[in-house]
Amino acid sequence: MRTHEVFNQVPEIVPFDTSEDPALLEGLRREGAAWAEGELRELGRLAGSEEVQDWGRLVNEYPPVLRTHDKFGHRIDEVEFHPHWHNLMRVAVEHGLHGTPWRQDRPGAHVARAAKLYAWGPADAGHMCPISMTYAIVPALRHNPELSAKFEPLLASTTYDYGLREPTSKAGLIAGMSMTEKQGGSDVRANTTTATRQPDGSYRIVGHKWFTSAPMSDMFLTLAQTESGLSCFLLPRVLPDGTRNPIRLQRLKDKLGNKSNASAEIEYENATGWLVGAEGAGVKTIIEMVNMTRLDCVIGSSTGMRVGVVRATHHARHRKAFGEFLIDQPAMRNVLADLIVESDAATTVMLRLAGATDRSATDEHEAALRRIGLAVTKYWVCKRAPAHAAEALECLGGNGYVEESGMPRLFRESPLMSIWEGSGNVAALDALRAMARQPDTVEAFFTELATAHGADSRLDDAVARLGKELSDLDDIQYRARRVVELMALVLQGTQLVRHGDPAVADAFCASRLGGDWGVAFGTLPTGVDTEAILRRVC
């Protein structure tokens, strides 16, 4: 029937190449990982393929299921995943998106890994959680050289070996982290879980954890109280004698997003663990893992922004309204250009911080910059992601509100990175704490900003404002978000002015730093070269 004729609909975007991103490729080369471009492009084509996009859809439509007992009544505490979950995990592990960079003696290893994680992320966000924690556990585990020597090669292995077996009998390991409890959340010092030393040097751990992501991992870092205070422990799911460690899965969380990934409430019933770091130094030890997950939070939010602008721009290029393609209408061009500027800024600073991670082992300046840069960038980029996702969804109108568009899943995922390891206030206050306790981080930050001095007067003025904000310590905690937001913006502006597309850098400085900007996306000032910015998304 003629009433069912379909026209003015946007063609399917799949297949597409998720690595076809100027900010990504430019940053990869600039930060010393050009050698990984071939693999990056291979992974980008795979992530945007029809097959892999379908994997991502199915693992979210059929989320994991908890099996506490087998059919005979034996306690098994297992989670059943859709088969494509394991396909996604296998590809991620085989391409070294987890712990592999820690074992690569090659400049740019962490940058290459960050770029590949960014390119693979559009396949599915959920499975990136265990991948990220396996990456992040390595620096913390090194506080116990014996455990590190035993497990680090397996955490870096490019073999995905899923199954409930003793860790050293496996070809590769996946790791998780359990920190928060019912009564404390981000206030981990309120933890009540206890750890009692045993004659053989291990510890018996009793208590609960309120949020354990990826509970089917092979091992976890967790926090528990000893006589010396809060301490960090490594708990495997299977003990050296082959028996199961009594880590009981009580229930899975019913979350806003991240549906493909299991997150559980757990109980330790005299579970066995081994101390990592010194007794009483649990927070100091596990913060090594937390700091590395911050980088992945920035990567995840940057990935989501890029997915949003690619889908929104694709729609606008093919959809007509009021007789014209949306892409040709001035108001829509402003919105899309603004979204692209935000995305480019996030990606560019993310790769700079990945480069600092590579260089931090031998460069004190880079180590200090990474410490403060990750704190402020994690706060701001992850905070911007939900607003960005909502605006990108709106570019598709009612079509964007329908699950088949993929935009609702993108929107549901967007708040997670800001909440993970500490929501906005925790991240902002940690940045202030880092500057107070480690003055070298302030010096490193302003040294980085000085590399762009004189290149743009609006950036220079913003840096001067930041100096005044930091020199006034009255009500500094009350102003924490304001201060850290400005820090994040000038850091992004510095990277764009030095390395970004000139049109993007100009629009960023005019709006984010120059003050000629509204509250919503799509309020860029006149005079911005929107055509050049829109070319950033083909």
# chains A, B, ... in the order shown; residues from 1 in each chain; ligands from 1
>>> residues_around(residues="Leu46 of chain A", least_positions_apart="3", cutoff="9 Å", atoms="only C-alpha atoms", output="JSON, numbers by chain")
{"A": [15, 16, 17, 18, 41, 42, 43, 49, 50, 51, 52, 53, 120, 123]}
>>> select_by_dssp(residues="segment 50-289 of chain A", states="helix (DSSP H, G or I)", output="number ranges by chain")
A: 50-61, 83-94, 100-103, 109-123, 128-141, 145-155, 167-169, 188-190, 282-289
>>> atom_distance(atom1="atom CA of Ala321 of chain A", atom2="atom CA of Leu396 of chain A")
11.5 Å
>>> residues_around(residues="Arg165 of chain A", least_positions_apart="6", cutoff="10 Å", atoms="only C-alpha atoms", output="count of residues only")
9
>>> decode(residues="segment 69-85 of chain A", atoms="N, CA and C atoms", output="compact mmCIF listing (two decimals), in the first residue's frame")
# COMPACT_ATOMS: atom_id res chain seq x y z
N HIS A 69 22.78 -21.75 43.04
CA HIS A 69 22.86 -23.19 43.32
C HIS A 69 22.69 -23.98 42.03
N ASP A 70 23.25 -25.17 42.02
CA ASP A 70 23.00 -26.06 40.88
C ASP A 70 21.69 -26.82 41.11
N LYS A 71 21.34 -27.68 40.18
CA LYS A 71 20.04 -28.35 40.26
C LYS A 71 19.95 -29.34 41.42
N PHE A 72 21.10 -29.67 42.01
CA PHE A 72 21.10 -30.60 43.14
C PHE A 72 21.08 -29.87 44.48
N GLY A 73 21.20 -28.55 44.44
CA GLY A 73 21.18 -27.78 45.67
C GLY A 73 22.55 -27.37 46.17
N HIS A 74 23.62 -27.69 45.40
CA HIS A 74 24.95 -27.26 45.80
C HIS A 74 25.14 -25.78 45.52
N ARG A 75 25.80 -25.10 46.43
CA ARG A 75 26.09 -23.69 46.24
C ARG A 75 27.18 -23.53 45.18
N ILE A 76 26.90 -22.76 44.12
CA ILE A 76 27.89 -22.61 43.04
C ILE A 76 28.29 -21.15 42.80
N ASP A 77 27.40 -20.20 43.10
CA ASP A 77 27.73 -18.78 42.97
C ASP A 77 28.35 -18.45 41.61
N GLU A 78 27.61 -18.69 40.57
CA GLU A 78 28.09 -18.43 39.23
C GLU A 78 27.14 -17.51 38.48
N VAL A 79 27.67 -16.83 37.49
CA VAL A 79 26.88 -15.95 36.65
C VAL A 79 26.92 -16.48 35.22
N GLU A 80 25.75 -16.58 34.63
CA GLU A 80 25.65 -17.10 33.26
C GLU A 80 25.51 -15.93 32.30
N PHE A 81 26.40 -15.88 31.30
CA PHE A 81 26.41 -14.79 30.33
C PHE A 81 25.93 -15.28 28.97
N HIS A 82 25.45 -14.33 28.17
CA HIS A 82 25.17 -14.61 26.77
C HIS A 82 26.48 -15.00 26.09
N PRO A 83 26.46 -15.96 25.17
CA PRO A 83 27.72 -16.40 24.53
C PRO A 83 28.52 -15.26 23.89
N HIS A 84 27.84 -14.24 23.37
CA HIS A 84 28.58 -13.15 22.73
C HIS A 84 29.37 -12.31 23.73
N TRP A 85 29.02 -12.38 25.01
CA TRP A 85 29.85 -11.72 26.03
C TRP A 85 31.27 -12.25 25.95
